[in-house]
Amino acid sequence: MNAETTTPHRPEMARREIGTSGIRASLFSLGSWHTYDRMDFGDATAMLREAVDRGVNLFDVGVYTGPGMPPAFTDVIFSAMVRAAGLRRDEWLLSSKLWLEAFGADGFRPQLENALFRVGAEHADLVILGDLRRDDLELGDLVLDLARLTDEGLIRAWGVNNWSAGSIQRLIDIATAEGVPGPQIAQLKYSVSRRSIPDGAPFARLWEQGLTLQASDCLEGGVLAGKMNSDRQIGRDPGDIRQRIIDDVPAFTALAGSLDATPAQLGIAFTLTHPALVTTLFGASSIAQLRANLDAAALVDRVGAAELRRLVEPFWADRDIVDPEGP
(Lines give C-alpha, C1' and ligand atoms only; values in the text may rest on other atoms or scores of the structure.)
Protein backbone atom coordinates (compact mmCIF):
# COMPACT_ATOMS: atom_id res chain seq x y z
CA MET A 1 0.00 0.00 0.00
CA ASN A 2 1.17 3.50 -0.69
CA ALA A 3 1.14 6.32 1.81
CA GLU A 4 -2.02 7.83 0.35
CA THR A 5 -4.05 4.76 1.31
CA THR A 6 -2.58 4.31 4.77
CA THR A 7 -2.37 7.90 6.05
CA PRO A 8 -5.69 9.37 7.24
CA HIS A 9 -6.66 12.64 5.60
CA ARG A 10 -6.63 15.59 7.98
CA PRO A 11 -8.12 18.89 6.88
CA GLU A 12 -5.77 21.86 7.02
CA MET A 13 -6.00 23.70 10.32
CA ALA A 14 -7.83 27.01 10.09
CA ARG A 15 -5.93 30.24 10.67
CA ARG A 16 -7.50 33.49 11.78
CA GLU A 17 -6.16 37.02 12.04
CA ILE A 18 -5.19 38.37 15.44
CA GLY A 19 -7.18 41.61 15.55
CA THR A 20 -6.06 43.78 12.64
CA SER A 21 -2.38 42.88 13.04
CA GLY A 22 -2.04 40.88 9.83
CA ILE A 23 -0.78 37.94 11.91
CA ARG A 24 -2.68 34.74 11.19
CA ALA A 25 -2.69 32.30 14.09
CA SER A 26 -3.71 28.66 14.09
CA LEU A 27 -7.08 27.71 15.55
CA PHE A 28 -5.19 26.00 18.37
CA SER A 29 -2.19 27.32 20.26
CA LEU A 30 0.07 25.38 22.57
CA GLY A 31 0.95 26.61 26.06
CA SER A 32 4.06 25.98 28.11
CA TRP A 33 2.83 26.51 31.69
CA HIS A 34 5.43 24.40 33.62
CA THR A 35 4.90 21.65 31.03
CA TYR A 36 8.14 20.85 29.23
CA ASP A 37 10.21 20.56 32.41
CA ARG A 38 7.90 17.66 33.41
CA MET A 39 8.30 15.78 30.11
CA ASP A 40 10.95 13.57 28.60
CA PHE A 41 12.89 15.84 26.26
CA GLY A 42 12.60 13.50 23.29
CA ASP A 43 8.85 13.15 23.77
CA ALA A 44 8.43 16.91 24.09
CA THR A 45 10.42 17.52 20.91
CA ALA A 46 8.42 14.93 18.95
CA MET A 47 5.19 16.52 20.20
CA LEU A 48 6.34 19.97 19.07
CA ARG A 49 7.27 18.65 15.64
CA GLU A 50 3.89 16.95 15.26
CA ALA A 51 2.04 20.07 16.40
CA VAL A 52 3.71 22.13 13.68
CA ASP A 53 3.15 19.41 11.10
CA ARG A 54 -0.56 19.40 12.02
CA GLY A 55 -0.77 23.18 11.48
CA VAL A 56 -0.23 24.66 14.96
CA ASN A 57 1.87 27.80 14.59
CA LEU A 58 1.31 29.79 17.81
CA PHE A 59 3.21 28.88 20.98
CA ASP A 60 2.68 30.65 24.31
CA VAL A 61 6.03 30.61 26.10
CA GLY A 62 6.41 32.54 29.34
CA VAL A 63 9.12 33.09 31.94
CA TYR A 64 7.30 31.62 34.93
CA THR A 65 9.74 32.67 37.59
CA GLY A 66 10.96 35.87 39.19
CA PRO A 67 12.74 37.36 42.20
CA GLY A 68 12.13 35.25 45.29
CA MET A 69 10.52 32.45 43.27
CA PRO A 70 11.93 28.98 42.52
CA PRO A 71 13.75 28.78 39.20
CA ALA A 72 11.77 27.53 36.20
CA PHE A 73 13.17 26.45 32.87
CA THR A 74 10.26 25.37 30.69
CA ASP A 75 10.88 28.27 28.28
CA VAL A 76 14.59 27.46 28.04
CA ILE A 77 13.71 23.83 27.33
CA PHE A 78 11.33 25.03 24.61
CA SER A 79 14.22 26.79 22.87
CA ALA A 80 16.15 23.50 22.83
CA MET A 81 13.05 21.69 21.54
CA VAL A 82 12.79 24.11 18.62
CA ARG A 83 16.40 23.40 17.64
CA ALA A 84 16.06 19.64 18.12
CA ALA A 85 12.86 19.57 16.05
CA GLY A 86 14.62 21.45 13.25
CA LEU A 87 12.02 24.22 13.13
CA ARG A 88 12.63 27.31 11.06
CA ARG A 89 11.62 30.59 12.69
CA ASP A 90 9.06 31.24 9.98
CA GLU A 91 7.25 28.00 10.91
CA TRP A 92 6.11 29.22 14.31
CA LEU A 93 4.85 32.31 16.12
CA LEU A 94 6.08 33.23 19.58
CA SER A 95 3.61 34.56 22.12
CA SER A 96 5.47 35.82 25.17
CA LYS A 97 4.17 37.02 28.54
CA LEU A 98 5.04 40.41 30.02
CA TRP A 99 4.42 40.94 33.72
CA LEU A 100 3.19 44.31 34.97
CA GLU A 101 4.86 43.76 38.33
CA ALA A 102 8.22 44.22 36.57
CA PHE A 103 7.26 47.32 34.58
CA GLY A 104 9.50 50.18 35.69
CA ALA A 105 11.48 53.14 34.47
CA ASP A 106 12.91 51.14 31.56
CA GLY A 107 9.48 49.84 30.57
CA PHE A 108 9.04 46.28 29.37
CA ARG A 109 12.35 46.11 27.51
CA PRO A 110 14.48 44.41 30.21
CA GLN A 111 12.07 41.54 30.80
CA LEU A 112 11.29 41.19 27.09
CA GLU A 113 14.97 40.96 26.21
CA ASN A 114 15.44 38.37 28.95
CA ALA A 115 12.46 36.36 27.69
CA LEU A 116 13.76 36.45 24.11
CA PHE A 117 17.26 35.46 25.27
CA ARG A 118 15.88 32.49 27.20
CA VAL A 119 13.71 31.28 24.32
CA GLY A 120 16.34 31.93 21.66
CA ALA A 121 14.39 34.38 19.49
CA GLU A 122 15.05 37.88 18.21
CA HIS A 123 11.46 39.05 18.40
CA ALA A 124 8.06 38.07 19.78
CA ASP A 125 5.19 37.92 17.32
CA LEU A 126 2.76 38.57 20.15
CA VAL A 127 3.13 39.66 23.77
CA ILE A 128 0.41 39.27 26.36
CA LEU A 129 0.35 41.59 29.37
CA GLY A 130 -0.30 39.75 32.62
CA ASP A 131 -3.10 40.47 35.07
CA LEU A 132 -3.65 44.13 35.98
CA ARG A 133 -3.04 44.10 39.74
CA ARG A 134 -1.17 47.39 40.14
CA ASP A 135 -3.05 50.64 40.73
CA ASP A 136 0.02 52.87 40.30
CA LEU A 137 0.39 52.37 36.55
CA GLU A 138 -0.53 54.90 33.89
CA LEU A 139 -2.08 52.91 31.06
CA GLY A 140 -0.74 55.44 28.58
CA ASP A 141 2.80 54.56 29.62
CA LEU A 142 2.15 50.92 28.77
CA VAL A 143 0.66 51.74 25.37
CA LEU A 144 3.52 54.05 24.37
CA ASP A 145 6.19 51.64 25.61
CA LEU A 146 4.66 48.83 23.57
CA ALA A 147 4.54 51.13 20.54
CA ARG A 148 8.28 51.74 20.89
CA LEU A 149 8.98 48.02 21.10
CA THR A 150 6.87 47.53 17.98
CA ASP A 151 8.74 50.26 16.10
CA GLU A 152 12.03 48.63 17.08
CA GLY A 153 10.94 45.27 15.72
CA LEU A 154 10.99 43.48 19.07
CA ILE A 155 7.25 42.72 18.98
CA ARG A 156 4.62 42.60 16.25
CA ALA A 157 1.36 42.80 18.23
CA TRP A 158 0.16 42.78 21.82
CA GLY A 159 -2.79 41.85 23.96
CA VAL A 160 -3.82 41.36 27.58
CA ASN A 161 -4.63 38.53 29.95
CA ASN A 162 -7.82 38.64 32.04
CA TRP A 163 -8.25 42.42 32.03
CA SER A 164 -11.64 44.01 32.53
CA ALA A 165 -13.56 45.28 29.52
CA GLY A 166 -13.34 48.83 30.84
CA SER A 167 -9.56 48.73 31.18
CA ILE A 168 -9.18 47.32 27.67
CA GLN A 169 -11.43 50.05 26.30
CA ARG A 170 -9.16 52.64 27.91
CA LEU A 171 -6.15 51.04 26.21
CA ILE A 172 -7.94 51.18 22.86
CA ASP A 173 -8.93 54.82 23.38
CA ILE A 174 -5.38 55.82 24.37
CA ALA A 175 -3.87 54.02 21.38
CA THR A 176 -6.34 55.67 19.02
CA ALA A 177 -5.60 59.12 20.43
CA GLU A 178 -1.84 58.54 20.17
CA GLY A 179 -2.04 57.01 16.69
CA VAL A 180 -0.29 53.81 17.74
CA PRO A 181 -1.34 50.15 17.71
CA GLY A 182 -3.67 49.09 20.51
CA PRO A 183 -4.46 45.68 21.97
CA GLN A 184 -5.31 43.07 19.36
CA ILE A 185 -6.36 40.13 21.51
CA ALA A 186 -7.65 39.30 24.97
CA GLN A 187 -6.60 36.05 26.59
CA LEU A 188 -9.56 35.12 28.80
CA LYS A 189 -10.69 32.16 30.82
CA TYR A 190 -13.37 30.57 28.66
CA SER A 191 -15.02 27.22 29.15
CA VAL A 192 -18.41 25.56 29.41
CA SER A 193 -18.27 26.59 33.08
CA ARG A 194 -16.79 30.09 32.85
CA ARG A 195 -18.64 32.02 30.13
CA SER A 196 -19.97 35.19 31.73
CA ILE A 197 -17.08 37.46 30.80
CA PRO A 198 -16.33 36.52 27.16
CA ASP A 199 -20.05 36.06 26.40
CA GLY A 200 -21.18 39.20 28.24
CA ALA A 201 -22.27 42.56 26.84
CA PRO A 202 -19.17 44.57 27.90
CA PHE A 203 -16.83 42.33 25.92
CA ALA A 204 -19.30 42.08 23.03
CA ARG A 205 -18.72 45.80 22.49
CA LEU A 206 -14.97 45.16 22.30
CA TRP A 207 -15.38 42.28 19.84
CA GLU A 208 -17.38 44.66 17.63
CA GLN A 209 -14.38 47.02 17.59
CA GLY A 210 -12.08 44.28 16.26
CA LEU A 211 -10.59 42.88 19.44
CA THR A 212 -10.22 39.11 19.20
CA LEU A 213 -10.28 36.27 21.73
CA GLN A 214 -7.75 33.70 22.83
CA ALA A 215 -9.58 31.17 25.00
CA SER A 216 -7.52 29.84 27.89
CA ASP A 217 -8.03 27.54 30.87
CA CYS A 218 -10.79 25.83 28.90
CA LEU A 219 -10.56 22.64 31.00
CA GLU A 220 -10.25 24.27 34.43
CA GLY A 221 -6.72 22.97 34.92
CA GLY A 222 -7.78 19.49 33.84
CA VAL A 223 -10.81 19.25 36.13
CA LEU A 224 -13.29 19.17 33.24
CA ALA A 225 -11.22 16.40 31.67
CA GLY A 226 -11.65 14.35 34.83
CA LYS A 227 -8.24 15.04 36.40
CA MET A 228 -9.47 15.59 39.95
CA ASN A 229 -6.36 14.64 41.87
CA SER A 230 -3.72 16.29 39.72
CA ASP A 231 -0.87 18.11 41.44
CA ARG A 232 -0.87 20.62 38.57
CA GLN A 233 -1.24 24.23 39.66
CA ILE A 234 -4.71 25.54 38.82
CA GLY A 235 -5.51 29.20 38.22
CA ARG A 236 -7.69 31.55 40.24
CA ASP A 237 -11.34 30.74 40.93
CA PRO A 238 -13.44 33.85 40.18
CA GLY A 239 -16.85 33.50 41.78
CA ASP A 240 -15.75 30.55 43.95
CA ILE A 241 -17.46 28.11 41.58
CA ARG A 242 -14.82 25.39 41.34
CA GLN A 243 -16.73 22.97 43.56
CA ARG A 244 -19.78 23.43 41.33
CA ILE A 245 -17.57 22.61 38.34
CA ILE A 246 -16.27 19.48 40.07
CA ASP A 247 -19.81 18.41 40.89
CA ASP A 248 -20.76 18.80 37.20
CA VAL A 249 -17.97 16.55 35.91
CA PRO A 250 -19.94 13.24 35.91
CA ALA A 251 -22.80 14.72 33.87
CA PHE A 252 -20.37 16.54 31.58
CA THR A 253 -18.45 13.31 31.02
CA ALA A 254 -21.69 11.49 30.20
CA LEU A 255 -22.63 14.16 27.65
CA ALA A 256 -19.22 13.86 25.99
CA GLY A 257 -19.63 10.09 25.80
CA SER A 258 -23.04 10.46 24.16
CA LEU A 259 -21.33 12.52 21.44
CA ASP A 260 -18.59 9.92 20.99
CA ALA A 261 -16.04 12.39 22.34
CA THR A 262 -13.82 12.76 25.37
CA PRO A 263 -14.63 15.42 27.98
CA ALA A 264 -11.50 17.29 26.94
CA GLN A 265 -12.61 17.33 23.31
CA LEU A 266 -16.05 18.60 24.25
CA GLY A 267 -14.61 21.32 26.48
CA ILE A 268 -12.19 22.49 23.81
CA ALA A 269 -14.79 22.26 21.04
CA PHE A 270 -17.10 24.62 22.95
CA THR A 271 -14.52 27.41 22.87
CA LEU A 272 -14.35 27.21 19.08
CA THR A 273 -17.97 28.35 18.84
CA HIS A 274 -17.28 31.90 20.09
CA PRO A 275 -17.61 34.36 17.17
CA ALA A 276 -14.57 36.44 18.21
CA LEU A 277 -12.27 33.47 18.78
CA VAL A 278 -8.96 33.38 16.96
CA THR A 279 -7.26 30.57 18.87
CA THR A 280 -7.79 28.27 21.82
CA LEU A 281 -4.80 27.79 24.10
CA PHE A 282 -4.20 24.46 25.79
CA GLY A 283 -1.31 22.51 27.26
CA ALA A 284 -0.40 18.98 26.24
CA SER A 285 2.09 16.63 27.87
CA SER A 286 2.03 13.81 25.29
CA ILE A 287 1.53 13.29 21.58
CA ALA A 288 -1.62 11.29 22.30
CA GLN A 289 -3.08 14.19 24.27
CA LEU A 290 -2.12 16.64 21.55
CA ARG A 291 -3.79 14.53 18.86
CA ALA A 292 -6.97 14.09 20.87
CA ASN A 293 -7.24 17.81 21.62
CA LEU A 294 -6.70 18.81 18.00
CA ASP A 295 -9.51 16.47 16.97
CA ALA A 296 -11.94 18.67 18.94
CA ALA A 297 -12.43 20.79 15.82
CA ALA A 298 -14.09 17.85 14.09
CA LEU A 299 -16.67 17.67 16.90
CA VAL A 300 -17.90 21.19 16.09
CA ASP A 301 -18.21 20.26 12.43
CA ARG A 302 -20.11 17.09 13.30
CA VAL A 303 -22.51 18.46 15.93
CA GLY A 304 -22.81 22.08 14.83
CA ALA A 305 -21.87 25.16 16.84
CA ALA A 306 -25.40 26.16 17.85
CA GLU A 307 -26.35 22.65 18.95
CA LEU A 308 -23.12 22.21 20.86
CA ARG A 309 -23.71 25.44 22.77
CA ARG A 310 -27.25 24.32 23.57
CA LEU A 311 -26.08 20.97 24.90
CA VAL A 312 -23.51 22.44 27.30
CA GLU A 313 -25.77 25.22 28.59
CA PRO A 314 -26.48 23.40 31.91
CA PHE A 315 -22.77 23.54 32.81
CA TRP A 316 -22.55 27.36 32.75
CA ALA A 317 -21.46 27.68 36.39
CA ASP A 318 -20.63 31.41 36.64
CA ARG A 319 -23.88 32.70 35.12
CA ASP A 320 -25.18 35.65 37.22
CA ILE A 321 -22.27 35.13 39.64
CA VAL A 322 -19.29 36.72 37.88
CA ASP A 323 -19.54 40.30 36.63
CA PRO A 324 -19.35 40.24 32.78
CA GLU A 325 -17.26 43.41 32.93
CA GLY A 326 -14.40 41.22 34.14
CA PRO A 327 -11.78 41.56 36.87
# chains A, B, ... in the order shown; residues from 1 in each chain; ligands from 1
$ residues_around --residues "region 21-27 of chain A" --least-positions-apart "4" --cutoff "12 Å" --atoms "only C-alpha atoms" --output "JSON, numbers by chain"
{"A": [12, 13, 14, 15, 16, 17, 51, 52, 53, 54, 55, 56, 57, 58, 59, 60, 91, 92, 93, 94, 95, 124, 125, 126, 150, 155, 156, 157, 158, 159, 181, 182, 183, 184, 185, 210, 211, 212, 213, 214, 215, 268, 269, 271, 272, 273, 274, 276, 277, 278, 279, 280, 281, 282, 293, 294, 295, 296, 297]}
$ select_by_dssp --residues "region 24-263 of chain A" --states "strand (DSSP E or B)" --output "VMD selection string"
chain A and resid 24 to 26 28 to 31 58 to 60 93 to 98 104 107 124 to 129 155 to 161 185 to 189 212 to 216
$ atom_distance --atom1 "CA of Gly68 (chain A)" --atom2 "CA of Phe103 (chain A)"
16.9 Å
$ closest_residue --among "A:Ile18, A:Val249, A:Val127, A:Leu219" --to "Tyr190 (chain A)" --atoms "only C-alpha atoms"
A:Leu219
$ residues_around --residues "Gly104 (chain A)" --least-positions-apart "4" --cutoff "12 Å" --atoms "only C-alpha atoms" --output "list in words"
Trp99, Leu100, Phe108, Arg109, Pro110, Gln111, Arg134, Asp136, Leu137, Glu138, Asp141, Leu142 and Asp145 of chain A
$ atom_distance --atom1 "CA of Gly222 (chain A)" --atom2 "CA of Trp163 (chain A)"
23.0 Å
$ atom_distance --atom1 "CA of Arg244 (chain A)" --atom2 "CA of Gly326 (chain A)"
19.9 Å
$ select_by_dssp --residues "region 70-210 of chain A" --states "alpha helix (DSSP H)" --output "MDAnalysis selection string"
chainID A and resid 74:85 109:119 139:151 165:178 201:208
$ closest_residue --among "A:Ser285, A:Phe28, A:Ile197, A:Arg310" --to "Asp40 (chain A)" --atoms "only C-alpha atoms"
A:Ser285
